[in-house]
Amino acid sequence: MELVHSGKVREVYADGDDLILVASDRVSVYDVVLPTPIPDKGRILTQLSLWWFERLADIVPNHVVSAADVPAEWAGRAIRCRRLEMLPVECIARGYLTGLGLQEYRKNGTVSGVALPDGLTEASQLPEPVFTPTTKAAEGHDEFITYDEVASGIGADTADRLRELTLRIYSRGAETAAERGIVIADTKLEFGRAPDGTIVLADEVLTPDSSRFWPADQWRPGQPQNSLDKQFVRDWSSTLADWDRTPPGPRIPDDIVEATRARYVECYERITGESWR
Ligand SMILES: CCOC(=O)Cn1cc(-c2ncnc(N)c2C#N)cn1
């Protein structure tokens, strides 16, 4: 099995015509992968992705071949996927304004070329979810691109399909999560094209690594929101006077590791309604 990509929190292997996506227990904050694993994080987020893939199958086909037919050492945290021709667009849907989207809005009043109402602030809910695609930058941060730039790159029909699918998947996810007391503020999806031209949902879907998960009962527009999953690590890391937020970063204390693991279990249990075994 050949390693074809090693990311911050995931590896991708080639196995014949398939790929194996392997989620690690690594956690990344402020774009730095910290050296201490969060036990079960990879398994929890993989099982959450699989739960969403199943429930989104009426909207879009997905790349999952098998969650069982993977090497034993990766059991539960790897997915065998069909190899697609990946579309070079990070398909982001935003229901709330924060992060780079808020920065863009404060500069231009738009995000990815989409005009937004005046007077929005940190964590404002948008009148309706917005498709704000970015490029897949090889290095550094992804760059916002407009819908027209997407269309000129991959064709208007495909761009339209990606926007429609991204917004429908986000809305389904956000509505489902809201019923469970979780705000999914935004999410990043990736799609590929199957040999017959079908657009297929790939990558991971609606996880706390690909999306912002906020506790709904603490939502207060006008201030940065607590991350449901990463806040303990963020708060702890911000108390470190002697860490300049460059790799490798300091070891995470046991209590923060355990509290963070518990939050990933909570995300899984609240979204799926199933207890984590
Ligand atoms: C240099 C960047 O490399 C990666 O991101 C690796 N990567 C490839 C894929 C992928 N390639 C085909 N078919 C797929 N189904 C998928 C998925 N998911 C995902 N990440």
# chains A, B, ... in the order shown; residues from 1 in each chain; ligands from 1

call {"tool": "residues_around", "arguments": {"residues": "segment 178-195 of chain A", "least_positions_apart": "2", "cutoff": "6 Å", "atoms": "only C-alpha atoms", "output": "PyMOL selection string"}}
result
chain A and resi 84-87+90-96+174-176+197-203+210-216+270

call {"tool": "residues_near_ligand", "arguments": {"ligand": "ligand 1", "cutoff": "12 Å", "atoms": "only C-alpha atoms and all ligand atoms", "output": "count of residues only"}}
result
58

call {"tool": "closest_residue", "arguments": {"among": "A:Leu165, A:Leu34, A:Val29, A:Ala177", "to": "Arg234 of chain A", "atoms": "only C-alpha atoms"}}
result
A:Val29

call {"tool": "closest_atom_pairs", "arguments": {"of": "segment 149-255 of chain A", "to": "segment 121-125 of chain A", "cutoff": "9 Å", "atoms": "only C-alpha atoms", "output": "CSV"}}
result
residue,atom,partner,partner_atom,distance
A:Ala185,CA,A:Ala123,CA,8.1
A:Trp219,CA,A:Ala123,CA,8.0
A:Arg220,CA,A:Ala123,CA,7.4
A:Pro221,CA,A:Ala123,CA,4.9
A:Gly222,CA,A:Glu122,CA,4.8
A:Gln223,CA,A:Glu122,CA,5.5
A:Pro224,CA,A:Glu122,CA,6.3
A:Gln225,CA,A:Ala123,CA,7.0

call {"tool": "write_last_selection", "arguments": {"atoms": "N, CA and C atoms", "output": "short mmCIF file (atom, residue, chain, number, x, y, z; two decimals), in the first residue's frame"}}
result
data_model
loop_
_atom_site.label_atom_id
_atom_site.label_comp_id
_atom_site.auth_asym_id
_atom_site.auth_seq_id
_atom_site.Cartn_x
_atom_site.Cartn_y
_atom_site.Cartn_z
N ALA A 185 -21.50 26.06 11.94
CA ALA A 185 -21.40 27.42 11.40
C ALA A 185 -21.00 27.42 9.93
N TRP A 219 -24.46 30.44 21.78
CA TRP A 219 -24.27 31.30 20.62
C TRP A 219 -24.59 32.76 20.98
N ARG A 220 -23.58 33.62 20.84
CA ARG A 220 -23.73 35.05 21.11
C ARG A 220 -23.05 35.82 19.97
N PRO A 221 -23.82 36.32 19.02
CA PRO A 221 -23.19 37.09 17.94
C PRO A 221 -22.44 38.29 18.53
N GLY A 222 -21.37 38.70 17.85
CA GLY A 222 -20.60 39.85 18.33
C GLY A 222 -19.35 39.46 19.07
N GLN A 223 -19.15 38.18 19.27
CA GLN A 223 -17.92 37.72 19.94
C GLN A 223 -17.52 36.37 19.38
N PRO A 224 -16.21 36.04 19.50
CA PRO A 224 -15.77 34.71 19.01
C PRO A 224 -16.50 33.61 19.78
N GLN A 225 -16.91 32.57 19.08
CA GLN A 225 -17.67 31.48 19.71
C GLN A 225 -16.73 30.39 20.20
#

call {"tool": "residues_around", "arguments": {"residues": "Arg263 of chain A", "least_positions_apart": "3", "cutoff": "12 Å", "atoms": "only C-alpha atoms", "output": "ChimeraX atom specification"}}
result
/A:38-41,44-45,208,213-215,227-233,256-260,266-270,276

call {"tool": "select_by_dssp", "arguments": {"residues": "segment 25-101 of chain A", "states": "alpha helix (DSSP H)", "output": "list in words"}}
result
Lys41, Gly42, Arg43, Ile44, Leu45, Thr46, Gln47, Leu48, Ser49, Leu50, Trp51, Trp52, Phe53, Glu54, Arg55, Gly99, Leu100 and Gly101 of chain A

call {"tool": "write_last_selection", "arguments": {"atoms": "all heavy atoms", "output": "compact mmCIF listing (two decimals), in the first residue's frame"}}
result
# COMPACT_ATOMS: atom_id res chain seq x y z
N LYS A 41 -9.98 9.98 18.54
CA LYS A 41 -10.47 11.07 17.66
C LYS A 41 -10.64 10.58 16.23
O LYS A 41 -11.67 10.83 15.59
CB LYS A 41 -9.51 12.25 17.69
CG LYS A 41 -9.86 13.38 16.69
CD LYS A 41 -8.91 14.56 16.79
CE LYS A 41 -9.24 15.67 15.81
NZ LYS A 41 -8.73 15.43 14.44
N GLY A 42 -9.66 9.86 15.70
CA GLY A 42 -9.73 9.37 14.32
C GLY A 42 -10.93 8.46 14.12
O GLY A 42 -11.67 8.59 13.13
N ARG A 43 -11.16 7.56 15.06
CA ARG A 43 -12.30 6.63 14.93
C ARG A 43 -13.62 7.38 15.03
O ARG A 43 -14.56 7.15 14.25
CB ARG A 43 -12.23 5.55 16.02
CG ARG A 43 -11.15 4.51 15.76
CD ARG A 43 -11.38 3.20 16.54
NE ARG A 43 -11.66 3.40 17.94
CZ ARG A 43 -12.72 2.90 18.58
NH1 ARG A 43 -13.60 2.19 17.91
NH2 ARG A 43 -12.89 3.10 19.87
N ILE A 44 -13.71 8.30 15.99
CA ILE A 44 -14.98 9.01 16.20
C ILE A 44 -15.34 9.82 14.96
O ILE A 44 -16.47 9.75 14.46
CB ILE A 44 -14.88 9.91 17.44
CG1 ILE A 44 -14.74 9.06 18.72
CG2 ILE A 44 -16.10 10.83 17.54
CD1 ILE A 44 -14.33 9.85 19.95
N LEU A 45 -14.38 10.56 14.42
CA LEU A 45 -14.69 11.41 13.26
C LEU A 45 -14.94 10.58 12.00
O LEU A 45 -15.77 10.96 11.16
CB LEU A 45 -13.56 12.43 13.04
CG LEU A 45 -13.78 13.78 13.75
CD1 LEU A 45 -14.00 13.61 15.23
CD2 LEU A 45 -12.65 14.73 13.47
N THR A 46 -14.27 9.42 11.89
CA THR A 46 -14.54 8.55 10.74
C THR A 46 -15.96 7.99 10.81
O THR A 46 -16.70 8.00 9.82
CB THR A 46 -13.52 7.40 10.70
OG1 THR A 46 -12.20 7.96 10.53
CG2 THR A 46 -13.80 6.41 9.58
N GLN A 47 -16.36 7.55 12.00
CA GLN A 47 -17.71 6.99 12.15
C GLN A 47 -18.78 8.07 11.97
O GLN A 47 -19.85 7.82 11.42
CB GLN A 47 -17.85 6.31 13.51
CG GLN A 47 -16.92 5.10 13.70
CD GLN A 47 -16.96 4.11 12.55
OE1 GLN A 47 -18.05 3.68 12.12
NE2 GLN A 47 -15.81 3.79 11.99
N LEU A 48 -18.46 9.31 12.37
CA LEU A 48 -19.41 10.41 12.16
C LEU A 48 -19.57 10.70 10.67
O LEU A 48 -20.68 10.85 10.14
CB LEU A 48 -18.94 11.66 12.90
CG LEU A 48 -19.85 12.90 12.83
CD1 LEU A 48 -21.26 12.60 13.33
CD2 LEU A 48 -19.22 14.06 13.61
N SER A 49 -18.45 10.72 9.95
CA SER A 49 -18.49 10.91 8.50
C SER A 49 -19.35 9.84 7.84
O SER A 49 -20.19 10.14 6.99
CB SER A 49 -17.07 10.80 7.94
OG SER A 49 -16.65 11.98 7.31
N LEU A 50 -19.13 8.58 8.23
CA LEU A 50 -19.89 7.48 7.62
C LEU A 50 -21.38 7.65 7.90
O LEU A 50 -22.21 7.41 7.02
CB LEU A 50 -19.38 6.13 8.16
CG LEU A 50 -17.99 5.71 7.67
CD1 LEU A 50 -17.44 4.58 8.52
CD2 LEU A 50 -18.05 5.33 6.19
N TRP A 51 -21.72 8.11 9.11
CA TRP A 51 -23.13 8.34 9.46
C TRP A 51 -23.74 9.39 8.54
O TRP A 51 -24.84 9.22 8.00
CB TRP A 51 -23.21 8.79 10.92
CG TRP A 51 -24.59 8.89 11.47
CD1 TRP A 51 -25.32 7.90 12.06
CD2 TRP A 51 -25.42 10.06 11.51
NE1 TRP A 51 -26.56 8.37 12.45
CE2 TRP A 51 -26.64 9.70 12.12
CE3 TRP A 51 -25.25 11.39 11.07
CZ2 TRP A 51 -27.69 10.60 12.31
CZ3 TRP A 51 -26.29 12.31 11.28
CH2 TRP A 51 -27.49 11.91 11.88
N TRP A 52 -23.00 10.45 8.28
CA TRP A 52 -23.50 11.52 7.39
C TRP A 52 -23.56 11.03 5.94
O TRP A 52 -24.56 11.29 5.25
CB TRP A 52 -22.59 12.74 7.45
CG TRP A 52 -22.68 13.61 8.65
CD1 TRP A 52 -21.70 13.85 9.57
CD2 TRP A 52 -23.80 14.41 9.07
NE1 TRP A 52 -22.14 14.75 10.53
CE2 TRP A 52 -23.42 15.09 10.25
CE3 TRP A 52 -25.09 14.60 8.57
CZ2 TRP A 52 -24.28 15.96 10.92
CZ3 TRP A 52 -25.95 15.48 9.25
CH2 TRP A 52 -25.55 16.14 10.42
N PHE A 53 -22.55 10.30 5.48
CA PHE A 53 -22.57 9.81 4.09
C PHE A 53 -23.85 9.04 3.81
O PHE A 53 -24.53 9.25 2.80
CB PHE A 53 -21.36 8.90 3.79
CG PHE A 53 -20.10 9.61 3.42
CD1 PHE A 53 -18.92 9.35 4.10
CD2 PHE A 53 -20.07 10.54 2.37
CE1 PHE A 53 -17.73 9.98 3.76
CE2 PHE A 53 -18.87 11.18 2.02
CZ PHE A 53 -17.71 10.91 2.72
N GLU A 54 -24.21 8.16 4.80
CA GLU A 54 -25.42 7.36 4.62
C GLU A 54 -26.65 8.25 4.51
O GLU A 54 -27.51 8.06 3.66
CB GLU A 54 -25.60 6.43 5.84
CG GLU A 54 -25.06 5.02 5.68
CD GLU A 54 -25.23 4.24 6.97
OE1 GLU A 54 -26.38 4.13 7.48
OE2 GLU A 54 -24.19 3.78 7.48
N ARG A 55 -26.72 9.26 5.38
CA ARG A 55 -27.94 10.08 5.46
C ARG A 55 -28.00 11.15 4.38
O ARG A 55 -29.00 11.86 4.27
CB ARG A 55 -28.05 10.69 6.87
CG ARG A 55 -28.65 9.69 7.83
CD ARG A 55 -28.28 9.91 9.25
NE ARG A 55 -28.74 8.75 10.03
CZ ARG A 55 -28.06 7.60 10.06
NH1 ARG A 55 -26.94 7.45 9.35
NH2 ARG A 55 -28.52 6.55 10.75
N GLY A 99 -14.12 33.78 11.06
CA GLY A 99 -12.86 33.38 10.45
C GLY A 99 -12.51 34.22 9.23
O GLY A 99 -12.74 35.43 9.19
N LEU A 100 -12.00 33.53 8.20
CA LEU A 100 -11.55 34.24 6.99
C LEU A 100 -12.74 34.90 6.28
O LEU A 100 -12.59 35.94 5.64
CB LEU A 100 -10.84 33.27 6.04
CG LEU A 100 -9.46 32.80 6.50
CD1 LEU A 100 -8.89 31.78 5.51
CD2 LEU A 100 -8.52 33.98 6.65
N GLY A 101 -13.92 34.30 6.42
CA GLY A 101 -15.10 34.90 5.78
C GLY A 101 -15.41 36.26 6.38
O GLY A 101 -15.68 37.23 5.67

call {"tool": "atom_distance", "arguments": {"atom1": "atom CA of Thr272 of chain A", "atom2": "atom CA of Thr207 of chain A"}}
result
11.8 Å

call {"tool": "residues_around", "arguments": {"residues": "segment 143-152 of chain A", "least_positions_apart": "5", "cutoff": "9 Å", "atoms": "only C-alpha atoms", "output": "list in words"}}
result
Val89, Leu100, Gly101, Glu104, Val111, Ser112, Gly113, Val114, Phe131, Thr132, Pro133, Thr134, Thr135, Lys136, Ala137, Asp157, Thr158, Ala159, Asp160 and Arg163 of chain A

call {"tool": "closest_residue", "arguments": {"among": "A:Met1, A:Asp31, A:Thr246, A:Arg161", "to": "Pro71 of chain A", "atoms": "only C-alpha atoms"}}
result
A:Met1

call {"tool": "select_by_dssp", "arguments": {"residues": "segment 124-252 of chain A", "states": "strand (DSSP E or B)", "output": "NGL selection string"}}
result
:A and (125-131 or 134 or 144 or 182-189 or 191-193 or 199-201 or 211-215)

call {"tool": "atom_distance", "arguments": {"atom1": "atom CA of Asn226 of chain A", "atom2": "atom CA of Ile169 of chain A"}}
result
23.5 Å

call {"tool": "atom_distance", "arguments": {"atom1": "atom CA of Tyr105 of chain A", "atom2": "atom CA of Glu128 of chain A"}}
result
15.3 Å

call {"tool": "residues_around", "arguments": {"residues": "Asp118 of chain A", "least_positions_apart": "4", "cutoff": "12 Å", "atoms": "only C-alpha atoms", "output": "PyMOL selection string"}}
result
chain A and resi 105-106+108-110+124+126-127

call {"tool": "write_last_selection", "arguments": {"atoms": "all heavy atoms", "output": "short mmCIF file (atom, residue, chain, number, x, y, z; two decimals), in the first residue's frame"}}
result
data_model
loop_
_atom_site.label_atom_id
_atom_site.label_comp_id
_atom_site.auth_asym_id
_atom_site.auth_seq_id
_atom_site.Cartn_x
_atom_site.Cartn_y
_atom_site.Cartn_z
N TYR A 105 -15.34 39.85 4.57
CA TYR A 105 -16.54 40.71 4.65
C TYR A 105 -16.17 42.11 5.17
O TYR A 105 -16.62 43.12 4.64
CB TYR A 105 -17.56 40.06 5.57
CG TYR A 105 -18.73 40.94 5.96
CD1 TYR A 105 -19.79 41.16 5.09
CD2 TYR A 105 -18.75 41.57 7.21
CE1 TYR A 105 -20.85 41.98 5.45
CE2 TYR A 105 -19.81 42.39 7.58
CZ TYR A 105 -20.87 42.59 6.70
OH TYR A 105 -21.91 43.41 7.05
N ARG A 106 -15.31 42.16 6.19
CA ARG A 106 -14.94 43.46 6.79
C ARG A 106 -14.15 44.32 5.79
O ARG A 106 -14.22 45.54 5.81
CB ARG A 106 -14.15 43.26 8.08
CG ARG A 106 -15.04 42.87 9.23
CD ARG A 106 -14.32 42.63 10.52
NE ARG A 106 -15.28 42.54 11.64
CZ ARG A 106 -15.00 41.89 12.78
NH1 ARG A 106 -13.82 41.28 12.92
NH2 ARG A 106 -15.90 41.83 13.74
N ASN A 108 -14.42 43.91 2.25
CA ASN A 108 -15.13 44.18 0.99
C ASN A 108 -16.65 44.20 1.09
O ASN A 108 -17.32 44.50 0.13
CB ASN A 108 -14.79 43.09 -0.06
CG ASN A 108 -13.30 42.88 -0.17
OD1 ASN A 108 -12.52 43.79 0.05
ND2 ASN A 108 -12.90 41.65 -0.46
N GLY A 109 -17.21 43.75 2.23
CA GLY A 109 -18.67 43.64 2.29
C GLY A 109 -19.18 42.42 1.53
O GLY A 109 -20.38 42.23 1.37
N THR A 110 -18.21 41.60 1.07
CA THR A 110 -18.60 40.38 0.32
C THR A 110 -17.75 39.22 0.83
O THR A 110 -16.73 39.42 1.49
CB THR A 110 -18.26 40.54 -1.19
OG1 THR A 110 -16.83 40.66 -1.32
CG2 THR A 110 -18.95 41.75 -1.80
N SER A 124 -22.31 36.41 13.28
CA SER A 124 -23.69 36.69 12.81
C SER A 124 -24.20 35.53 11.98
O SER A 124 -23.45 34.95 11.18
CB SER A 124 -23.69 37.93 11.90
OG SER A 124 -23.47 39.11 12.62
N LEU A 126 -26.06 34.30 8.82
CA LEU A 126 -26.32 34.91 7.51
C LEU A 126 -27.79 34.72 7.16
O LEU A 126 -28.41 33.74 7.60
CB LEU A 126 -25.41 34.27 6.46
CG LEU A 126 -23.92 34.47 6.70
CD1 LEU A 126 -23.09 33.73 5.66
CD2 LEU A 126 -23.56 35.95 6.73
N PRO A 127 -28.35 35.64 6.35
CA PRO A 127 -29.76 35.51 6.00
C PRO A 127 -30.07 34.14 5.41
O PRO A 127 -31.12 33.56 5.67
CB PRO A 127 -29.98 36.63 4.97
CG PRO A 127 -28.88 37.61 5.21
CD PRO A 127 -27.71 36.83 5.74
#

call {"tool": "decode", "arguments": {"residues": "segment 149-175 of chain A", "atoms": "C-alpha atoms", "output": "short mmCIF file (atom, residue, chain, number, x, y, z; two decimals), in the first residue's frame"}}
result
data_model
loop_
_atom_site.label_atom_id
_atom_site.label_comp_id
_atom_site.auth_asym_id
_atom_site.auth_seq_id
_atom_site.Cartn_x
_atom_site.Cartn_y
_atom_site.Cartn_z
CA GLU A 149 -13.83 31.85 -11.26
CA VAL A 150 -15.00 28.37 -10.30
CA ALA A 151 -17.19 28.24 -13.41
CA SER A 152 -14.35 29.38 -15.66
CA GLY A 153 -12.18 26.64 -14.16
CA ILE A 154 -14.49 23.62 -14.23
CA GLY A 155 -17.43 24.76 -16.38
CA ALA A 156 -20.68 26.49 -15.48
CA ASP A 157 -22.77 23.30 -15.19
CA THR A 158 -20.31 21.67 -12.79
CA ALA A 159 -19.88 24.87 -10.77
CA ASP A 160 -23.65 25.18 -10.48
CA ARG A 161 -23.93 21.54 -9.39
CA LEU A 162 -21.18 22.00 -6.75
CA ARG A 163 -22.89 25.10 -5.36
CA GLU A 164 -26.29 23.38 -5.25
CA LEU A 165 -24.91 20.24 -3.59
CA THR A 166 -22.74 22.16 -1.11
CA LEU A 167 -25.66 24.30 0.06
CA ARG A 168 -28.09 21.36 0.26
CA ILE A 169 -25.64 19.20 2.21
CA TYR A 170 -24.78 22.07 4.57
CA SER A 171 -28.46 22.88 5.16
CA ARG A 172 -29.30 19.24 5.86
CA GLY A 173 -26.34 19.00 8.26
CA ALA A 174 -27.02 22.32 9.98
CA GLU A 175 -30.72 21.51 10.47
#
